[in-house]
file start_31.txt (compact mmCIF, C-alpha atoms)
# COMPACT_ATOMS: atom_id res chain seq x y z
CA MET A 255 328.06 244.39 119.10
CA ALA A 256 329.47 243.46 115.71
CA GLU A 257 332.57 245.37 114.66
CA GLY A 258 331.90 248.73 113.01
CA TYR A 259 328.40 249.13 114.51
CA ALA A 260 327.25 251.46 117.28
CA ILE A 261 324.01 252.03 119.17
CA LYS A 262 323.35 255.71 119.87
CA ASP A 263 320.57 257.72 121.45
CA LEU A 264 318.24 259.41 118.98
CA GLN A 265 319.29 263.02 118.40
CA SER A 266 317.90 266.04 116.65
CA GLY A 267 319.16 265.97 113.07
CA ASP A 268 318.85 262.17 112.69
CA GLY A 269 315.75 262.50 110.50
CA ALA A 270 317.47 262.34 107.11
CA ALA A 271 319.44 259.20 108.04
CA LEU A 272 316.28 257.59 109.44
CA ALA A 273 314.29 258.49 106.33
CA ALA A 274 316.95 256.90 104.12
CA ALA A 275 316.84 253.75 106.28
CA PHE A 276 313.05 253.55 106.13
CA ARG A 277 313.06 254.06 102.35
CA ARG A 278 315.74 251.39 101.91
CA ASN A 279 313.81 248.94 104.13
CA ARG A 280 310.27 249.78 103.12
CA GLU A 281 309.56 246.38 101.55
CA HIS A 282 311.46 244.52 104.27
CA LEU A 283 309.44 246.17 107.08
CA GLU A 284 306.06 246.16 105.33
CA PRO A 285 304.86 242.80 106.74
CA TRP A 286 305.39 244.00 110.33
CA ASP A 287 304.63 247.73 110.21
CA PRO A 288 301.38 249.68 110.13
CA ASP A 289 300.37 251.49 106.96
CA ARG A 290 302.31 254.73 106.75
CA PRO A 291 301.66 257.93 104.83
CA GLU A 292 304.17 258.84 102.11
CA SER A 293 305.34 261.78 104.23
CA PHE A 294 306.73 259.29 106.77
CA TYR A 295 309.46 258.34 104.28
CA THR A 296 310.64 261.91 103.68
CA ASP A 297 313.48 263.68 105.48
CA GLU A 298 311.00 266.26 106.76
CA GLY A 299 308.56 263.59 107.94
CA GLN A 300 311.31 261.82 109.86
CA GLU A 301 312.57 265.08 111.39
CA ALA A 302 309.03 265.59 112.71
CA GLU A 303 309.08 262.02 114.07
CA VAL A 304 312.46 262.68 115.70
CA ALA A 305 311.10 265.83 117.37
CA ARG A 306 308.03 263.94 118.60
CA ASN A 307 310.18 261.10 119.95
CA LEU A 308 312.59 263.48 121.68
CA MET A 309 309.63 265.14 123.42
CA ALA A 310 308.46 261.71 124.61
CA THR A 311 311.99 261.03 125.90
CA ALA A 312 312.04 264.34 127.77
CA ASP A 313 308.75 263.31 129.38
CA GLY A 314 310.13 259.86 130.29
CA ARG A 315 307.55 258.07 128.12
CA SER A 316 309.88 256.45 125.58
CA TYR A 317 313.50 256.15 124.48
CA LEU A 318 314.65 255.53 120.93
CA TYR A 319 318.08 254.26 119.92
CA LEU A 320 319.55 253.97 116.45
CA VAL A 321 321.94 251.31 115.20
CA TRP A 322 324.60 252.96 113.05
CA TYR A 323 327.09 251.53 110.58
CA ASP A 324 329.44 254.26 109.41
CA ASP A 325 327.10 257.17 108.62
CA ARG A 326 324.00 255.04 107.93
CA VAL A 327 321.17 254.06 110.21
CA VAL A 328 320.80 250.29 109.94
CA GLY A 329 318.34 249.67 112.73
CA ARG A 330 316.11 251.12 115.40
CA VAL A 331 315.37 249.95 118.94
CA MET A 332 312.68 251.54 121.06
CA LEU A 333 311.57 251.41 124.67
CA SER A 334 308.04 252.84 124.63
CA ASN A 335 304.70 252.78 126.46
CA ILE A 336 306.50 253.34 129.75
CA VAL A 337 304.14 253.07 132.70
CA ARG A 338 305.34 254.03 136.17
CA GLY A 339 303.54 253.62 139.50
CA VAL A 340 302.95 250.04 140.58
CA LEU A 341 303.63 248.59 137.09
CA GLN A 342 307.08 250.05 136.20
CA SER A 343 306.94 248.55 132.71
CA GLY A 344 307.78 249.34 129.10
CA THR A 345 307.46 247.84 125.63
CA VAL A 346 310.42 246.90 123.43
CA GLY A 347 310.32 247.19 119.63
CA TYR A 348 313.09 246.89 117.05
CA TRP A 349 314.05 246.34 113.45
CA ILE A 350 317.31 245.80 111.56
CA ASP A 351 318.15 246.76 107.98
CA TYR A 352 317.69 243.82 105.62
CA GLU A 353 321.32 244.10 104.45
CA HIS A 354 322.61 243.75 108.04
CA LEU A 355 320.61 240.77 109.31
CA GLY A 356 322.34 237.80 110.91
CA ARG A 357 325.03 239.81 112.71
CA GLY A 358 323.54 239.82 116.20
CA LEU A 359 322.39 243.44 115.91
CA ALA A 360 318.81 242.84 117.05
CA LYS A 361 320.01 240.95 120.12
CA ALA A 362 322.56 243.69 120.86
CA GLY A 363 319.85 246.34 120.48
CA VAL A 364 317.44 244.50 122.79
CA GLY A 365 320.28 244.02 125.27
CA HIS A 366 320.96 247.76 125.17
CA VAL A 367 317.31 248.51 125.94
CA VAL A 368 317.33 246.00 128.83
CA VAL A 369 320.30 247.83 130.40
CA GLN A 370 318.68 251.25 129.88
CA ALA A 371 315.34 250.06 131.28
CA ALA A 372 317.03 248.73 134.42
CA ARG A 373 318.96 252.00 134.74
CA ILE A 374 315.71 254.01 134.87
CA GLY A 375 314.16 251.60 137.36
CA LEU A 376 311.71 249.63 135.25
CA HIS A 377 310.68 246.26 136.69
CA ARG A 378 309.37 244.55 133.56
CA LEU A 379 309.71 244.70 129.78
CA GLU A 380 307.28 243.26 127.26
CA ALA A 381 307.36 242.66 123.53
CA GLY A 382 305.05 241.11 120.97
CA THR A 383 305.58 239.54 117.57
CA MET A 384 303.21 238.32 114.92
CA LEU A 385 302.72 234.57 115.12
CA HIS A 386 304.89 233.81 112.08
CA ASN A 387 307.77 236.14 113.02
CA THR A 388 309.94 233.33 114.38
CA ALA A 389 313.18 235.26 113.84
CA SER A 390 312.05 238.02 116.20
CA GLN A 391 310.80 235.44 118.68
CA ALA A 392 314.27 233.85 118.66
CA VAL A 393 315.86 237.25 119.38
CA LEU A 394 313.58 237.77 122.37
CA ARG A 395 314.21 234.29 123.77
CA ALA A 396 317.98 234.73 123.34
CA SER A 397 317.65 238.06 125.19
CA GLY A 398 316.08 236.47 128.26
CA PHE A 399 312.42 237.10 127.44
CA GLN A 400 309.85 234.41 128.16
CA GLN A 401 306.70 233.78 126.17
CA TYR A 402 303.63 234.20 128.33
CA GLY A 403 300.70 234.12 125.95
CA ILE A 404 298.99 234.84 122.69
CA ALA A 405 297.01 238.04 122.21
CA GLU A 406 294.26 237.55 119.67
CA ARG A 407 293.59 240.47 117.34
CA PHE A 408 296.24 242.52 119.18
CA LEU A 409 297.32 245.15 116.61
CA PHE A 410 295.66 246.54 113.50
CA LEU A 411 298.27 246.07 110.76
CA ARG A 412 297.87 246.06 106.99
CA GLY A 413 294.09 246.23 107.11
CA GLU A 414 293.28 243.66 109.76
CA TRP A 415 293.67 242.79 113.45
CA ARG A 416 296.71 240.53 113.89
CA ASP A 417 297.37 237.92 116.59
CA HIS A 418 300.67 238.29 118.48
CA VAL A 419 302.89 236.12 120.64
CA LEU A 420 303.60 237.99 123.90
CA PHE A 421 306.91 237.98 125.76
CA GLN A 422 308.15 239.53 128.98
CA ARG A 423 311.36 239.90 130.92
CA ILE A 424 311.42 240.67 134.62
CA LEU A 425 314.40 242.92 135.37
CA HIS A 426 314.37 242.92 139.19
CA ASP A 427 312.10 242.58 142.20
CA ASP A 428 312.98 245.83 143.97
CA PRO A 429 310.10 248.00 145.25
CA PRO A 430 308.72 250.48 142.69
CA GLY A 431 310.43 253.81 142.34
CA ASN A 432 310.62 256.57 139.78
CA PRO A 433 314.30 257.52 139.67
CA ILE A 434 315.27 260.45 137.53
CA PRO A 435 317.29 259.10 134.55

call {"tool": "encode", "arguments": {"input": "start_31.txt", "output": "C-alpha cells"}}
result
Amino acid sequence: MAEGYAIKDLQSGDGAALAAAFRRNREHLEPWDPDRPESFYTDEGQEAEVARNLMATADGRSYLYLVWYDDRVVGRVMLSNIVRGVLQSGTVGYWIDYEHLGRGLAKAGVGHVVVQAARIGLHRLEAGTMLHNTASQAVLRASGFQQYGIAERFLFLRGEWRDHVLFQRILHDDPPGNPIP
C-alpha cells in the first residue's frame, strides 16, 4: 500500500466521508456506475447505505472496505454476492478517487479482498468490467485474475445493457466449508 493510505473495514459513521468521496468523484465514476438518485450523494443517503451494508456483512453476504488517505475516503473495495454451499464464491468491485489514481491503490484493495475472501473460506472470486475499461482489466490481471469470457448485455448501466469482460481467481481447492469469520 502506498505511504499514507490505509484500507479499513466499513464502520457506522463513515457515511459523511463516503458521501464526500462520491460527490467528488461523481463525474469520474459516471461511466461505470448505475444511475443514482440525488439522495445517494447526501450524508444521510450514505449513512443509510452504510447501515444496509453493515447488515449484509453481519449476514455474511458482503464486506465493504474503504481506502483512506488522512481523513478522506479515496476508494472503495467490495466483496459482494457471496454464495456458499457448493459454489463458495463472491464478486469483487472497486473504485479509486480520480486524484489518487496510478498509486497501486486498486491493486492493493483487490489484494486485500483476496486475503479476506480466503480467510472466510471462499473458493473463487469473480469480477467484470465493461469492454473498454482496460485500466480495471489490468488491475485484475495484475491481481491474479484470469479472463474467462465476455457476458453480452450483462448489466443495465446508463440506460442500456452493457457487455462485460469476465474474470475469475481460484483461491484454493479445499472442500467447501462455511467457517465463521

call {"tool": "atom_distance", "arguments": {"input": "start_31.txt", "atom1": "atom CA of Gln400 of chain A", "atom2": "atom CA of Thr383 of chain A"}}
result
12.5 Å

call {"tool": "residues_around", "arguments": {"input": "start_31.txt", "residues": "Leu409 of chain A", "least_positions_apart": "3", "cutoff": "10 Å", "atoms": "only C-alpha atoms", "output": "VMD selection string"}}
result
chain A and resid 288 382 384 405 to 406 412 414 to 418

call {"tool": "residues_near_point", "arguments": {"input": "start_31.txt", "point": "(313.0, 253.5, 105.6)", "cutoff": "10 Å", "atoms": "all atoms listed in the file", "output": "list in words"}}
result
Ala271, Leu272, Ala273, Ala274, Ala275, Phe276, Arg277, Arg278, Asn279, Arg280, Glu281, His282, Leu283, Phe294, Tyr295, Thr296, Gln300, Val327, Val328, Gly329 and Asp351 of chain A

call {"tool": "closest_residue", "arguments": {"input": "start_31.txt", "among": "A:Val419, A:Ala392, A:Leu411, A:Ile424", "to": "Arg290 of chain A", "atoms": "all atoms listed in the file"}}
result
A:Leu411

call {"tool": "closest_residue", "arguments": {"input": "start_31.txt", "among": "A:Ile404, A:Ala310, A:Ile261, A:Leu318", "to": "Leu359 of chain A", "atoms": "all atoms listed in the file"}}
result
A:Ile261

call {"tool": "atom_distance", "arguments": {"input": "start_31.txt", "atom1": "atom CA of Ala396 of chain A", "atom2": "atom CA of Gln422 of chain A"}}
result
12.3 Å

call {"tool": "residues_near_point", "arguments": {"input": "start_31.txt", "point": "(315.7, 254.7, 119.8)", "cutoff": "9 Å", "atoms": "all atoms listed in the file", "output": "PyMOL selection string"}}
result
chain A and resi 261-264+307+316-321+330-333+348+367

call {"tool": "closest_residue", "arguments": {"input": "start_31.txt", "among": "A:Val340, A:Ala302, A:Leu425, A:Leu420", "to": "Val368 of chain A", "atoms": "all atoms listed in the file"}}
result
A:Leu425

call {"tool": "closest_residue", "arguments": {"input": "start_31.txt", "among": "A:Ala371, A:Val346, A:Leu355, A:Ala360", "to": "His426 of chain A", "atoms": "all atoms listed in the file"}}
result
A:Ala371

call {"tool": "residues_around", "arguments": {"input": "start_31.txt", "residues": "Thr345 of chain A", "least_positions_apart": "6", "cutoff": "8 Å", "atoms": "only C-alpha atoms", "output": "ChimeraX atom specification"}}
result
/A:332-336,379-381

call {"tool": "atom_distance", "arguments": {"input": "start_31.txt", "atom1": "atom CA of Ser397 of chain A", "atom2": "atom CA of Lys361 of chain A"}}
result
6.3 Å

call {"tool": "residues_around", "arguments": {"input": "start_31.txt", "residues": "Tyr259 of chain A", "least_positions_apart": "5", "cutoff": "8 Å", "atoms": "all atoms listed in the file", "output": "ChimeraX atom specification"}}
result
/A:321-324

call {"tool": "closest_residue", "arguments": {"input": "start_31.txt", "among": "A:Ile374, A:Gly314, A:His386, A:Leu394", "to": "Ala362 of chain A", "atoms": "all atoms listed in the file"}}
result
A:Leu394

call {"tool": "closest_residue", "arguments": {"input": "start_31.txt", "among": "A:Pro430, A:Gly344, A:Glu292, A:Arg395", "to": "Gln370 of chain A", "atoms": "all atoms listed in the file"}}
result
A:Gly344
